[in-house]
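*Asks:* Handing over start15.txt, compact mmCIF, C-alpha atoms.
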# COMPACT_ATOMS: atom_id res chain seq x y z
CA MET Y 74 0.00 0.00 0.00
CA ALA Y 75 1.47 3.33 -1.10
CA GLY Y 76 2.41 5.86 1.57
CA PRO Y 77 0.91 9.33 1.82
CA LYS Y 78 2.06 11.78 -0.81
CA THR Y 79 4.17 14.74 0.29
CA ALA Y 80 2.36 17.98 -0.33
CA ARG Y 81 4.20 20.31 -2.71
CA ARG Y 82 3.80 24.06 -2.52
CA PRO Y 83 2.34 25.52 -5.66
CA TRP Y 84 4.87 27.38 -7.81
CA PHE Y 85 3.07 30.69 -7.33
CA ARG Y 86 3.52 30.43 -3.54
CA ARG Y 87 7.26 29.82 -3.91
CA THR Y 88 7.73 32.72 -6.32
CA PRO Y 89 7.79 35.60 -3.71
CA VAL Y 90 10.46 33.76 -1.74
CA LEU Y 91 12.59 33.24 -4.83
CA LEU Y 92 12.08 36.82 -5.92
CA GLY Y 93 13.11 38.04 -2.45
CA ILE Y 94 16.31 36.02 -2.54
CA ALA Y 95 17.09 37.26 -6.03
CA ALA Y 96 16.46 40.86 -5.01
CA ALA Y 97 18.74 40.53 -1.97
CA LEU Y 98 21.53 39.11 -4.12
CA LEU Y 99 21.04 41.88 -6.66
CA LEU Y 100 21.14 44.56 -3.96
CA ALA Y 101 24.24 43.07 -2.39
CA GLY Y 102 26.00 43.01 -5.73
CA GLY Y 103 24.87 46.52 -6.49
CA GLY Y 104 26.06 47.75 -3.07
CA SER Y 105 29.49 46.27 -3.65
CA TRP Y 106 29.66 47.92 -7.04
CA VAL Y 107 28.70 51.30 -5.55
CA LEU Y 108 31.37 50.98 -2.84
CA TYR Y 109 34.19 49.59 -4.92
CA GLY Y 110 33.43 49.82 -8.62
CA SER Y 111 31.68 53.12 -9.19
CA SER Y 112 33.17 56.61 -9.28
CA TRP Y 113 30.69 57.92 -6.70
CA LEU Y 114 32.49 57.07 -3.42
CA ARG Y 115 36.14 57.69 -4.16
CA VAL Y 116 38.76 59.71 -2.26
CA GLU Y 117 38.81 63.28 -3.56
CA LYS Y 118 40.13 65.28 -0.59
CA VAL Y 119 42.19 64.86 2.58
CA SER Y 120 41.51 67.20 5.52
CA VAL Y 121 44.00 67.75 8.35
CA SER Y 122 43.36 69.09 11.86
CA GLY Y 123 45.28 69.40 15.12
CA THR Y 124 48.62 70.60 13.74
CA ALA Y 125 50.64 73.31 15.51
CA VAL Y 126 54.22 73.04 14.26
CA LEU Y 127 53.64 70.77 11.28
CA THR Y 128 51.76 72.10 8.28
CA PRO Y 129 48.73 70.35 6.77
CA ASP Y 130 50.69 69.87 3.53
CA GLN Y 131 53.46 68.06 5.41
CA VAL Y 132 50.91 65.74 6.97
CA ARG Y 133 49.18 65.04 3.65
CA ALA Y 134 52.48 64.28 1.94
CA ALA Y 135 53.57 61.86 4.68
CA ALA Y 136 50.16 60.16 4.88
CA ALA Y 137 50.16 59.50 1.09
CA VAL Y 138 46.40 58.86 1.01
CA PRO Y 139 45.59 57.23 -2.39
CA LEU Y 140 43.45 59.85 -4.13
CA GLY Y 141 40.95 58.32 -6.51
CA ALA Y 142 40.80 55.02 -4.64
CA PRO Y 143 37.45 53.66 -3.43
CA LEU Y 144 36.85 55.17 0.00
CA ALA Y 145 35.79 51.80 1.42
CA SER Y 146 39.09 50.17 0.41
CA VAL Y 147 41.40 52.70 2.09
CA ASP Y 148 43.48 51.09 4.86
CA THR Y 149 43.23 53.67 7.65
CA ASP Y 150 45.58 51.76 9.98
CA GLU Y 151 48.28 51.68 7.31
CA ILE Y 152 47.95 55.44 6.76
CA GLY Y 153 48.35 56.09 10.50
CA THR Y 154 51.42 53.86 10.72
CA ARG Y 155 53.00 55.49 7.69
CA LEU Y 156 52.32 58.99 9.00
CA ARG Y 157 53.88 58.32 12.42
CA GLY Y 158 56.89 56.71 10.74
CA GLN Y 159 57.47 59.63 8.39
CA LEU Y 160 56.85 62.37 10.97
CA PRO Y 161 58.22 61.56 14.46
CA ARG Y 162 56.62 64.77 15.74
CA VAL Y 163 53.26 63.03 15.39
CA ASP Y 164 52.35 61.32 18.66
CA SER Y 165 49.04 59.91 17.44
CA VAL Y 166 46.66 60.32 14.52
CA ASP Y 167 43.01 59.42 14.06
CA VAL Y 168 42.31 58.48 10.41
CA VAL Y 169 38.61 58.52 9.55
CA ARG Y 170 36.53 58.17 6.41
CA ALA Y 171 34.50 61.30 5.73
CA TRP Y 172 31.79 60.06 3.38
CA PRO Y 173 31.26 60.42 0.50
CA HIS Y 174 34.65 61.67 -0.76
CA GLY Y 175 37.05 62.45 2.08
CA ILE Y 176 39.67 61.17 4.51
CA GLY Y 177 40.15 63.08 7.76
CA LEU Y 178 43.49 63.14 9.62
CA LYS Y 179 43.23 64.35 13.23
CA VAL Y 180 46.80 64.77 14.46
CA THR Y 181 48.18 65.05 17.99
CA GLU Y 182 51.73 66.41 18.00
CA ARG Y 183 54.38 65.64 20.57
CA LYS Y 184 55.19 68.58 22.83
CA PRO Y 185 58.72 69.23 24.09
CA VAL Y 186 59.30 69.35 27.86
CA LEU Y 187 63.12 69.47 27.63
CA LEU Y 188 65.78 70.37 25.07
CA LEU Y 189 69.16 68.76 24.46
CA GLU Y 190 71.84 70.90 22.87
CA LYS Y 191 73.31 69.41 19.71
CA GLY Y 192 75.91 71.79 18.35
CA ALA Y 193 74.03 74.95 17.39
CA ASP Y 194 70.73 73.05 17.29
CA PHE Y 195 68.34 71.67 19.89
CA VAL Y 196 66.81 68.20 20.15
CA GLU Y 197 63.24 68.23 21.47
CA VAL Y 198 62.31 65.62 24.10
CA ASP Y 199 58.68 64.87 25.00
CA ALA Y 200 57.08 63.79 28.27
CA SER Y 201 57.85 60.14 27.51
CA GLY Y 202 61.54 60.80 26.98
CA VAL Y 203 61.26 60.46 23.19
CA ARG Y 204 63.68 62.54 21.14
CA PHE Y 205 61.46 63.49 18.25
CA ALA Y 206 62.82 66.55 16.40
CA THR Y 207 65.89 68.73 15.91
CA VAL Y 208 65.25 72.46 15.61
CA ARG Y 209 67.48 75.47 15.01
CA LYS Y 210 65.72 77.72 17.51
CA ALA Y 211 64.80 76.74 21.06
CA PRO Y 212 61.03 76.83 21.63
CA ARG Y 213 60.01 79.42 24.18
CA GLY Y 214 59.39 78.17 27.71
CA VAL Y 215 61.19 74.83 27.27
CA PRO Y 216 64.29 74.37 29.49
CA VAL Y 217 67.62 72.98 28.32
CA LEU Y 218 68.78 69.75 29.93
CA GLU Y 219 72.42 69.60 31.04
CA LEU Y 220 73.60 66.10 31.90
CA ALA Y 221 76.78 66.36 33.95
CA ALA Y 222 76.83 62.85 35.35
CA ALA Y 223 80.23 61.64 34.16
CA GLY Y 224 81.61 61.55 37.71
CA SER Y 225 78.49 60.24 39.38
CA PRO Y 226 79.05 57.13 41.54
CA SER Y 227 75.60 55.88 40.51
CA LEU Y 228 76.25 56.20 36.75
CA ARG Y 229 76.48 52.43 36.27
CA ARG Y 230 72.99 52.00 37.68
CA PHE Y 231 71.54 55.24 36.39
CA ASP Y 232 72.98 55.79 32.93
CA GLU Y 233 72.34 58.91 30.87
CA GLU Y 234 69.16 57.51 29.33
CA ARG Y 235 67.73 56.78 32.77
CA LEU Y 236 68.78 60.23 33.99
CA LEU Y 237 67.05 61.76 30.98
CA LEU Y 238 63.82 60.07 32.06
CA GLU Y 239 64.33 61.32 35.61
CA ALA Y 240 64.73 64.88 34.28
CA VAL Y 241 61.59 64.48 32.18
CA GLY Y 242 59.73 63.45 35.33
CA VAL Y 243 60.98 66.53 37.18
CA ALA Y 244 59.95 68.81 34.31
CA GLY Y 245 56.47 67.29 34.36
CA ASP Y 246 56.05 68.00 38.09
CA LEU Y 247 57.04 71.66 37.98
CA PRO Y 248 54.26 74.14 38.78
CA ARG Y 249 53.24 76.03 35.65
CA ALA Y 250 54.71 79.35 36.75
CA VAL Y 251 58.01 77.70 37.72
CA ALA Y 252 58.17 75.74 34.47
CA ALA Y 253 57.76 78.98 32.50
CA ASP Y 254 60.72 80.50 34.39
CA THR Y 255 63.02 77.47 34.21
CA ARG Y 256 65.94 77.93 31.84
CA VAL Y 257 68.13 74.90 32.64
CA VAL Y 258 67.58 71.52 34.29
CA ARG Y 259 71.00 70.30 35.45
CA VAL Y 260 71.39 66.63 36.40
CA ARG Y 261 74.56 65.38 38.10
CA SER Y 262 73.14 62.13 39.44
CA TYR Y 263 69.84 60.43 40.24
CA ASP Y 264 69.33 62.49 43.39
CA SER Y 265 71.05 65.71 42.26
CA VAL Y 266 68.74 67.74 40.03
CA VAL Y 267 69.10 71.53 40.10
CA LEU Y 268 66.95 74.07 38.30
CA GLU Y 269 68.24 77.38 37.01
CA LEU Y 270 65.46 79.96 36.81
CA ALA Y 271 65.25 83.37 35.19
CA GLY Y 272 66.93 86.13 37.18
CA GLY Y 273 69.78 83.90 38.39
CA ARG Y 274 67.64 81.99 40.87
CA THR Y 275 68.31 78.32 41.59
CA VAL Y 276 66.27 75.45 42.97
CA VAL Y 277 67.77 72.30 44.49
CA TRP Y 278 65.21 69.68 43.54
CA GLY Y 279 67.02 66.50 44.52
CA SER Y 280 65.62 63.34 42.93
CA SER Y 281 62.43 63.02 40.90
CA GLU Y 282 60.64 61.37 43.84
CA ARG Y 283 57.73 63.17 45.53
CA GLY Y 284 57.65 65.68 42.69
CA ALA Y 285 54.13 66.96 43.31
CA LEU Y 286 54.93 67.62 46.97
CA LYS Y 287 58.13 69.43 46.02
CA GLY Y 288 56.22 71.56 43.55
CA ARG Y 289 53.78 72.67 46.24
CA ALA Y 290 56.59 73.39 48.68
CA LEU Y 291 58.42 75.48 46.07
CA THR Y 292 55.31 77.48 45.29
CA ALA Y 293 54.81 78.24 48.97
CA LEU Y 294 58.46 79.27 49.40
CA MET Y 295 58.31 81.62 46.44
CA LYS Y 296 55.21 83.31 47.79
CA ALA Y 297 56.70 83.63 51.27
CA ALA Y 298 60.08 84.93 50.03
CA PRO Y 299 59.58 86.56 46.62
CA GLY Y 300 63.03 88.16 46.66
CA ALA Y 301 64.95 84.98 47.46
CA GLY Y 302 67.52 83.63 45.05
CA HIS Y 303 68.01 80.06 46.26
CA PHE Y 304 65.43 77.43 47.14
CA ASP Y 305 65.91 73.87 48.37
CA VAL Y 306 62.99 71.46 48.19
CA SER Y 307 65.02 68.23 48.06
CA ALA Y 308 63.42 67.42 51.42
CA PRO Y 309 59.90 68.81 50.81
CA SER Y 310 58.86 68.39 54.43
CA ALA Y 311 61.67 70.76 55.45
CA PRO Y 312 62.24 73.17 52.55
CA ALA Y 313 64.78 75.96 52.81
CA VAL Y 314 65.28 79.36 51.24
CA SER Y 315 68.09 81.91 51.18
CA ARG Y 316 68.93 85.18 49.49
CA SER Y 317 71.85 83.79 47.50
Here is the file; what I need is its structure written in the form of structure tokens.
*Replies:*
Amino acid sequence: MAGPKTARRPWFRRTPVLLGIAAALLLAGGGSWVLYGSSWLRVEKVSVSGTAVLTPDQVRAAAAVPLGAPLASVDTDEIGTRLRGQLPRVDSVDVVRAWPHGIGLKVTERKPVLLLEKGADFVEVDASGVRFATVRKAPRGVPVLELAAAGSPSLRRFDEERLLLEAVGVAGDLPRAVAADTRVVRVRSYDSVVLELAGGRTVVWGSSERGALKGRALTALMKAAPGAGHFDVSAPSAPAVSRS
């Protein structure tokens, strides 16, 4: 005895489903063509923001964004890597697609906190200790670092690179008004950092430890003795001040 027959859907009931699938495939193919094959969504301009020392043209040249390429195919990570490699002054960059025809480059530049003398030029050092640029003219308000640690007994443990980082830490802890007046940061050893300020004033800072506390102590000393020429905050709990 034959089994029950399986009911088959009439062709006209299956047609909407088939048409829907066909339409979805057609739209997907058309979308890909619009993104990658047409001339509608291609890179026509590159905008740059956030620059201070660098010029937008320098950033565009280093980024080498492929003009005329489909916007969807642009590798934004590769552009960022290339830009940082070509321009060490760039600390970070945000590369974004600006539909329908643009690429945006939002740049954050490194800022110098110390300068190293190199002949007649100056090497800029940022807050991470990175040497990122050599300039002919010292930027205003950035102190020069003098490393005089050749005779330091701790030089084997604290080499010049480590002392550079210590000096960077000191520069970062200086109160704003003091930082603006600092002309030289002199480092003889890990615990012998001295600041030379405008007007011939000096500050014995000591090591980079307890920097925030030392900054507050120095600010208080300067307010209490505005005519003083020598300050010692190496022991911030017992700071000292003198006329010379």
*Asks:* Kindly extract all protein, DNA and RNA residues lying within 10 Å of the coordinates (53.8, 61.5, 12.8) given in the file, considering all atoms listed in the file, and supply them as number ranges by chain.
*Replies:* Y: 127, 131-132, 135-136, 153-166, 180-183, 205
*Asks:* For Gly302 of chain Y, which of Y:Glu219, Y:Glu282, Y:Glu269, Y:Asp199 is the closest residue, counting all atoms listed in the file?
*Replies:*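 The shortest atom-to-atom distance to Gly302 of chain Y comes from Y:Glu269.
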*Asks:* Point out the residue among Y:Val121, Y:Val126, Y:Ala193, Y:Leu187 with the least atom-to-atom distance to Val169 of chain Y, counting all atoms listed in the file.
*Replies:* Y:Val121
*Asks:* If you measure from atom CA of Val260 of chain Y to atom CA of Val243 of chain Y, what distance in Å do you get, rounded to one decimal?
*Replies:*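 A separation of 10.4 Å between them.
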*Asks:* Between Y:Leu220, Y:Ala285, Y:Leu291, Y:Phe304, which one has atoms that come closest to Ser262 of chain Y, using all atoms listed in the file?
*Replies:*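 The answer is Y:Leu220, which sits nearest to Ser262 of chain Y.
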*Asks:* So that I can check the surroundings of Gly273 of chain Y, please list as a count of residues only every protein, DNA and RNA residue that reaches within 10 Å of it, counting all atoms listed in the file and ignoring chain neighbours fewer than 6 positions away.
*Replies:* 4
*Asks:* For Gly175 of chain Y, find every residue with an atom within 9 Å (counting only C-alpha atoms), except residues of its own chain fewer than 5 positions away, and show them as a list of chain:residue names.
*Replies:* Y:Leu114, Y:Arg115, Y:Val116, Y:Glu117, Y:Lys118, Y:Val119, Y:Ser120, Y:Leu144, Y:Val169, Y:Arg170
*Asks:* May I ask which of the residues Y:Ile176, Y:Ala240, Y:Glu197, Y:Arg230 is the closest one to Ser146 of chain Y, counting all atoms listed in the file?
*Replies:*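 That would be Y:Ile176, the residue with the smallest distance to Ser146 of chain Y.
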*Asks:* For atom CA of Val217 of chain Y and atom CA of Val257 of chain Y, determine how far apart the two atoms are, in Å to one decimal place.
*Replies:*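 Taking atom CA of Val217 of chain Y as the start and atom CA of Val257 of chain Y as the end point, the length is 4.8 Å.
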*Asks:* At what distance in Å, to one decimal, does atom CA of Ser122 of chain Y lie from atom CA of Asp148 of chain Y?
*Replies:*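 Atom-to-atom, atom CA of Asp148 of chain Y and atom CA of Ser122 of chain Y are spaced 19.3 Å apart.
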*Asks:* Identify which of the residues Y:Ile152, Y:Ala206, Y:Leu294, Y:Ala250 lies closest to Val138 of chain Y, counting only C-alpha atoms when measuring atom-to-atom distances.
*Replies:*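 Checking each candidate against Val138 of chain Y, we get Y:Ile152 as the closest.
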*Asks:* Hey, which of Y:Ala171, Y:Val241, Y:Leu247, Y:Val276 ends up closest to Leu189 of chain Y? Count all atoms listed in the file.
*Replies:*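 Of Y:Ala171, Y:Val241, Y:Leu247, Y:Val276, the one nearest Leu189 of chain Y is Y:Val241, counting all atoms listed in the file.
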*Asks:* Give me, as a PyMOL selection string, all polymer residues having an atom no more than 12 Å from Ala221 of chain Y, counting all atoms listed in the file and skipping those fewer than 4 positions away in the same chain.
*Replies:* chain Y and resi 225+228+232-233+236-237+258-263+265-267
*Asks:* Near Asp246 of chain Y, counting only C-alpha atoms, which residues have an atom at most 9 Å away, once you skip same-chain residues fewer than 4 positions from it, shown as a VMD selection string?
*Replies:* chain Y and resid 241 to 242 252 281 284 to 288
*Asks:* Can you patch up segment 259-284 of chain Y, filling it in to N, CA and C atoms, and show the result as a CSV table (one decimal), in the coordinates of the input?
*Replies:*
chain,number,residue,atom,x,y,z
Y,259,ARG,N,69.7,70.9,35.4
Y,259,ARG,CA,71.0,70.3,35.4
Y,259,ARG,C,70.9,69.0,36.3
Y,260,VAL,N,71.4,67.9,35.7
Y,260,VAL,CA,71.4,66.6,36.4
Y,260,VAL,C,72.8,66.1,36.6
Y,261,ARG,N,73.2,65.9,37.8
Y,261,ARG,CA,74.6,65.4,38.1
Y,261,ARG,C,74.5,63.9,38.5
Y,262,SER,N,73.4,63.5,39.1
Y,262,SER,CA,73.1,62.1,39.4
Y,262,SER,C,71.6,62.0,39.7
Y,263,TYR,N,71.3,60.7,40.0
Y,263,TYR,CA,69.8,60.4,40.2
Y,263,TYR,C,69.2,61.4,41.3
Y,264,ASP,N,69.9,61.7,42.3
Y,264,ASP,CA,69.3,62.5,43.4
Y,264,ASP,C,69.9,63.9,43.4
Y,265,SER,N,70.5,64.4,42.3
Y,265,SER,CA,71.0,65.7,42.3
Y,265,SER,C,70.6,66.4,41.0
Y,266,VAL,N,69.3,67.0,41.1
Y,266,VAL,CA,68.7,67.7,40.0
Y,266,VAL,C,68.6,69.2,40.5
Y,267,VAL,N,69.1,70.1,39.8
Y,267,VAL,CA,69.1,71.5,40.1
Y,267,VAL,C,68.5,72.3,39.0
Y,268,LEU,N,67.6,73.2,39.3
Y,268,LEU,CA,67.0,74.1,38.3
Y,268,LEU,C,67.6,75.5,38.3
Y,269,GLU,N,67.8,76.0,37.1
Y,269,GLU,CA,68.2,77.4,37.0
Y,269,GLU,C,67.1,78.2,36.4
Y,270,LEU,N,66.6,79.2,37.2
Y,270,LEU,CA,65.5,80.0,36.8
Y,270,LEU,C,65.9,81.3,36.3
Y,271,ALA,N,65.0,82.0,35.7
Y,271,ALA,CA,65.2,83.4,35.2
Y,271,ALA,C,65.7,84.2,36.4
Y,272,GLY,N,66.5,85.2,36.1
Y,272,GLY,CA,66.9,86.1,37.2
Y,272,GLY,C,68.0,85.6,38.0
Y,273,GLY,N,68.7,84.5,37.6
Y,273,GLY,CA,69.8,83.9,38.4
Y,273,GLY,C,69.4,83.1,39.6
Y,274,ARG,N,68.1,82.8,39.7
Y,274,ARG,CA,67.6,82.0,40.9
Y,274,ARG,C,67.9,80.5,40.6
Y,275,THR,N,68.1,79.8,41.7
Y,275,THR,CA,68.3,78.3,41.6
Y,275,THR,C,67.4,77.6,42.5
Y,276,VAL,N,67.1,76.3,42.2
Y,276,VAL,CA,66.3,75.4,43.0
Y,276,VAL,C,67.0,74.1,43.1
Y,277,VAL,N,67.3,73.7,44.3
Y,277,VAL,CA,67.8,72.3,44.5
Y,277,VAL,C,66.6,71.4,44.6
Y,278,TRP,N,66.4,70.5,43.6
Y,278,TRP,CA,65.2,69.7,43.5
Y,278,TRP,C,65.5,68.3,44.1
Y,279,GLY,N,66.7,67.8,44.0
Y,279,GLY,CA,67.0,66.5,44.5
Y,279,GLY,C,66.7,65.5,43.5
Y,280,SER,N,66.0,64.4,43.9
Y,280,SER,CA,65.6,63.3,42.9
Y,280,SER,C,64.2,63.7,42.4
Y,281,SER,N,63.8,62.8,41.5
Y,281,SER,CA,62.4,63.0,40.9
Y,281,SER,C,61.3,62.5,41.8
Y,282,GLU,N,61.7,61.9,42.9
Y,282,GLU,CA,60.6,61.4,43.8
Y,282,GLU,C,59.9,62.5,44.5
Y,283,ARG,N,58.6,62.2,44.8
Y,283,ARG,CA,57.7,63.2,45.5
Y,283,ARG,C,57.7,64.5,44.8
Y,284,GLY,N,57.6,64.5,43.5
Y,284,GLY,CA,57.6,65.7,42.7
Y,284,GLY,C,56.5,66.6,42.9
